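One structure is given here, and the rest of the page talks about it.
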Amino acid sequence: MTSVMLPPADTHVRLLAGYAGNGRPAYEVLPARTLDGDLFELAGSPGLVLGCAAGDVLRISDDGGFEVTRQGPWLCVQAAPEAGTFSPEALTALHEAVEGLGGLVESPATLRFAVITIERATDPAALENALDAWADRTGHVAWWFGNGEAAQ
């Protein structure tokens, strides 16, 4: 069972994820809670954008760039297969790998990537060991911290 309780969302925000091969910007749309002015609290962790996680408070510019003004209580861990998509079995195994640590695993219907939202207070060695073991069993997958390294 997950211990992640995401903030309620009342809107969606568009964050700059990077640039496509043709130089055009690529965006990810995420649920958020409106705060004052140009501040928003993310209600979900990104699968493509780096530098933020659910619970973070962001100041977002018109071009989708953002600044984290307050870090939330969660880490964002992103995972992707080296090619193609995850099998449903690989995604189930990922759920099983992090459920004992209280992590929430989400993936789009296409299974192109997965996102784990997990408390910053999670033992970094336990998290890394669980993810490494999952990656070894699954094969041909990579994972990384989407908003920095695990707390030490």
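Naming scheme: A, B, ... for chains in displayed order of the structure tokens; residues 1 onward per chain; ligands 1 onward as shown.
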- [ ] Could you give me, as a list in words, the residues within 12 Å of Pro108 in chain A, counting only C-alpha atoms and dropping anything in the same chain fewer than 4 positions from it?
- [x] Pro46, Gly47, Leu48, Ala80, Thr85, Phe86, Pro88, Leu91, Arg112, Phe113, Ala114 and Val115 of chain A
I need the chosen residues saved as a PDB file, in the first residue's frame, with all heavy atoms.
```pdb
ATOM      1  N   PRO A  46       6.373  14.313 -12.735  1.00  0.00           N
ATOM      2  CA  PRO A  46       6.527  14.230 -14.182  1.00  0.00           C
ATOM      3  C   PRO A  46       7.238  12.963 -14.643  1.00  0.00           C
ATOM      4  O   PRO A  46       8.057  12.398 -13.912  1.00  0.00           O
ATOM      5  CB  PRO A  46       7.360  15.465 -14.516  1.00  0.00           C
ATOM      6  CG  PRO A  46       8.176  15.695 -13.284  1.00  0.00           C
ATOM      7  CD  PRO A  46       7.289  15.276 -12.132  1.00  0.00           C
ATOM      8  N   GLY A  47       6.926  12.568 -15.852  1.00  0.00           N
ATOM      9  CA  GLY A  47       7.604  11.439 -16.459  1.00  0.00           C
ATOM     10  C   GLY A  47       8.676  11.867 -17.437  1.00  0.00           C
ATOM     11  O   GLY A  47       9.539  11.075 -17.799  1.00  0.00           O
ATOM     12  N   LEU A  48       8.631  13.125 -17.865  1.00  0.00           N
ATOM     13  CA  LEU A  48       9.582  13.628 -18.855  1.00  0.00           C
ATOM     14  C   LEU A  48      10.395  14.806 -18.352  1.00  0.00           C
ATOM     15  O   LEU A  48      11.567  14.933 -18.670  1.00  0.00           O
ATOM     16  CB  LEU A  48       8.838  14.045 -20.132  1.00  0.00           C
ATOM     17  CG  LEU A  48       7.973  12.973 -20.785  1.00  0.00           C
ATOM     18  CD1 LEU A  48       7.169  13.559 -21.927  1.00  0.00           C
ATOM     19  CD2 LEU A  48       8.822  11.812 -21.254  1.00  0.00           C
ATOM     20  N   ALA A  80      12.484   4.012 -17.796  1.00  0.00           N
ATOM     21  CA  ALA A  80      12.090   3.777 -19.188  1.00  0.00           C
ATOM     22  C   ALA A  80      12.809   2.553 -19.724  1.00  0.00           C
ATOM     23  O   ALA A  80      13.933   2.256 -19.318  1.00  0.00           O
ATOM     24  CB  ALA A  80      12.435   4.993 -20.050  1.00  0.00           C
ATOM     25  N   THR A  85       8.459  -0.298 -25.309  1.00  0.00           N
ATOM     26  CA  THR A  85       7.617  -0.006 -24.149  1.00  0.00           C
ATOM     27  C   THR A  85       7.832  -1.065 -23.076  1.00  0.00           C
ATOM     28  O   THR A  85       8.389  -2.132 -23.335  1.00  0.00           O
ATOM     29  CB  THR A  85       6.122  -0.011 -24.557  1.00  0.00           C
ATOM     30  OG1 THR A  85       5.785  -1.317 -25.045  1.00  0.00           O
ATOM     31  CG2 THR A  85       5.819   1.028 -25.616  1.00  0.00           C
ATOM     32  N   PHE A  86       7.370  -0.747 -21.866  1.00  0.00           N
ATOM     33  CA  PHE A  86       7.387  -1.743 -20.804  1.00  0.00           C
ATOM     34  C   PHE A  86       6.343  -2.805 -21.099  1.00  0.00           C
ATOM     35  O   PHE A  86       5.275  -2.500 -21.630  1.00  0.00           O
ATOM     36  CB  PHE A  86       7.020  -1.122 -19.452  1.00  0.00           C
ATOM     37  CG  PHE A  86       8.128  -0.343 -18.807  1.00  0.00           C
ATOM     38  CD1 PHE A  86       7.950   0.990 -18.489  1.00  0.00           C
ATOM     39  CD2 PHE A  86       9.335  -0.937 -18.499  1.00  0.00           C
ATOM     40  CE1 PHE A  86       8.947   1.716 -17.867  1.00  0.00           C
ATOM     41  CE2 PHE A  86      10.351  -0.226 -17.882  1.00  0.00           C
ATOM     42  CZ  PHE A  86      10.148   1.108 -17.568  1.00  0.00           C
ATOM     43  N   PRO A  88       3.467  -5.258 -19.502  1.00  0.00           N
ATOM     44  CA  PRO A  88       2.649  -5.149 -18.288  1.00  0.00           C
ATOM     45  C   PRO A  88       3.306  -5.867 -17.101  1.00  0.00           C
ATOM     46  O   PRO A  88       3.214  -5.403 -15.966  1.00  0.00           O
ATOM     47  CB  PRO A  88       1.333  -5.811 -18.689  1.00  0.00           C
ATOM     48  CG  PRO A  88       1.260  -5.647 -20.171  1.00  0.00           C
ATOM     49  CD  PRO A  88       2.691  -5.755 -20.639  1.00  0.00           C
ATOM     50  N   LEU A  91       5.947  -3.627 -15.493  1.00  0.00           N
ATOM     51  CA  LEU A  91       5.328  -2.577 -14.688  1.00  0.00           C
ATOM     52  C   LEU A  91       4.785  -3.144 -13.369  1.00  0.00           C
ATOM     53  O   LEU A  91       4.945  -2.528 -12.309  1.00  0.00           O
ATOM     54  CB  LEU A  91       4.218  -1.888 -15.478  1.00  0.00           C
ATOM     55  CG  LEU A  91       3.875  -0.480 -15.035  1.00  0.00           C
ATOM     56  CD1 LEU A  91       5.081   0.432 -15.029  1.00  0.00           C
ATOM     57  CD2 LEU A  91       2.800   0.091 -15.916  1.00  0.00           C
ATOM     58  N   ARG A 112       5.298   3.724 -22.199  1.00  0.00           N
ATOM     59  CA  ARG A 112       6.597   4.204 -22.699  1.00  0.00           C
ATOM     60  C   ARG A 112       7.563   4.546 -21.571  1.00  0.00           C
ATOM     61  O   ARG A 112       8.767   4.583 -21.777  1.00  0.00           O
ATOM     62  CB  ARG A 112       6.410   5.420 -23.601  1.00  0.00           C
ATOM     63  CG  ARG A 112       5.789   5.087 -24.922  1.00  0.00           C
ATOM     64  CD  ARG A 112       5.727   6.275 -25.866  1.00  0.00           C
ATOM     65  NE  ARG A 112       6.423   7.455 -25.420  1.00  0.00           N
ATOM     66  CZ  ARG A 112       5.874   8.670 -25.326  1.00  0.00           C
ATOM     67  NH1 ARG A 112       4.630   8.862 -25.660  1.00  0.00           N
ATOM     68  NH2 ARG A 112       6.584   9.690 -24.916  1.00  0.00           N
ATOM     69  N   PHE A 113       7.035   4.882 -20.413  1.00  0.00           N
ATOM     70  CA  PHE A 113       7.862   5.215 -19.257  1.00  0.00           C
ATOM     71  C   PHE A 113       7.043   4.991 -17.997  1.00  0.00           C
ATOM     72  O   PHE A 113       5.832   4.743 -18.067  1.00  0.00           O
ATOM     73  CB  PHE A 113       8.385   6.662 -19.318  1.00  0.00           C
ATOM     74  CG  PHE A 113       7.297   7.701 -19.354  1.00  0.00           C
ATOM     75  CD1 PHE A 113       6.725   8.187 -18.183  1.00  0.00           C
ATOM     76  CD2 PHE A 113       6.851   8.206 -20.561  1.00  0.00           C
ATOM     77  CE1 PHE A 113       5.727   9.146 -18.218  1.00  0.00           C
ATOM     78  CE2 PHE A 113       5.854   9.170 -20.610  1.00  0.00           C
ATOM     79  CZ  PHE A 113       5.292   9.642 -19.426  1.00  0.00           C
ATOM     80  N   ALA A 114       7.705   5.093 -16.854  1.00  0.00           N
ATOM     81  CA  ALA A 114       7.021   4.984 -15.566  1.00  0.00           C
ATOM     82  C   ALA A 114       7.591   6.043 -14.636  1.00  0.00           C
ATOM     83  O   ALA A 114       8.738   6.475 -14.788  1.00  0.00           O
ATOM     84  CB  ALA A 114       7.208   3.597 -14.969  1.00  0.00           C
ATOM     85  N   VAL A 115       6.785   6.452 -13.676  1.00  0.00           N
ATOM     86  CA  VAL A 115       7.178   7.453 -12.682  1.00  0.00           C
ATOM     87  C   VAL A 115       6.882   6.887 -11.299  1.00  0.00           C
ATOM     88  O   VAL A 115       5.799   6.354 -11.070  1.00  0.00           O
ATOM     89  CB  VAL A 115       6.386   8.761 -12.874  1.00  0.00           C
ATOM     90  CG1 VAL A 115       6.724   9.760 -11.799  1.00  0.00           C
ATOM     91  CG2 VAL A 115       6.611   9.329 -14.250  1.00  0.00           C
TER      92      VAL A 115
END
```
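With only C-alpha atoms as the atoms that count, the residue of A:Leu15, A:Ala20, A:Ala54, A:Ile60 with the shortest distance to Asp36 in chain A is A:Ile60.
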Task: Contacts of range 39-43 of chain A within 9 Å, only C-alpha atoms, excl. fewer than 6 positions in-chain, as a ChimeraX atom specification - done: /A:6-9,12-13,30-33,52-60,69,72
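CA of Glu28 in chain A is positioned 26.0 Å from CA of Glu128 in chain A.
With only C-alpha atoms as the basis for measurement, A:Cys76 is the residue among A:Leu35, A:Cys76, A:Met5, A:Ala109 that approaches Gly146 in chain A most closely.
If you look at CA of Glu89 in chain A and CA of Leu104 in chain A, they are 16.6 Å away from each other.
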TODO: Write down as a ChimeraX atom specification the residues of range 9-122 of chain A whose backbone DSSP state falls under alpha helix (DSSP H).
DONE: /A:88-99
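Using only C-alpha atoms, the shortest contact distance between Trp74 in chain A and any of A:Asp10, A:Asp132, A:Glu119, A:Asp62 is found at A:Glu119.
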Task: Contacts of range 93-102 of chain A at 9 Å (only C-alpha atoms; same-chain gap of 6+ positions) as a list of chain:residue names - done: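 In the requested format, the answer is A:Met1, A:Thr2, A:Ser3, A:Val4, A:Ala114, A:Ile116, A:Thr117, A:Ile118, A:Glu119, A:Thr122, A:Asp123, A:Ala126, A:Leu127, A:Ala130, A:Leu131, A:Ala133, A:Trp134, A:Ala135, A:Arg137, A:Thr138.
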Open item on the list: According to DSSP computed on the backbone, where in chain A is there strand (DSSP E or B)? Give the residues as a count of residues only.
Closed with: 56
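Between CA of Asp38 in chain A and CA of Ser61 in chain A lies a distance of 7.7 Å.
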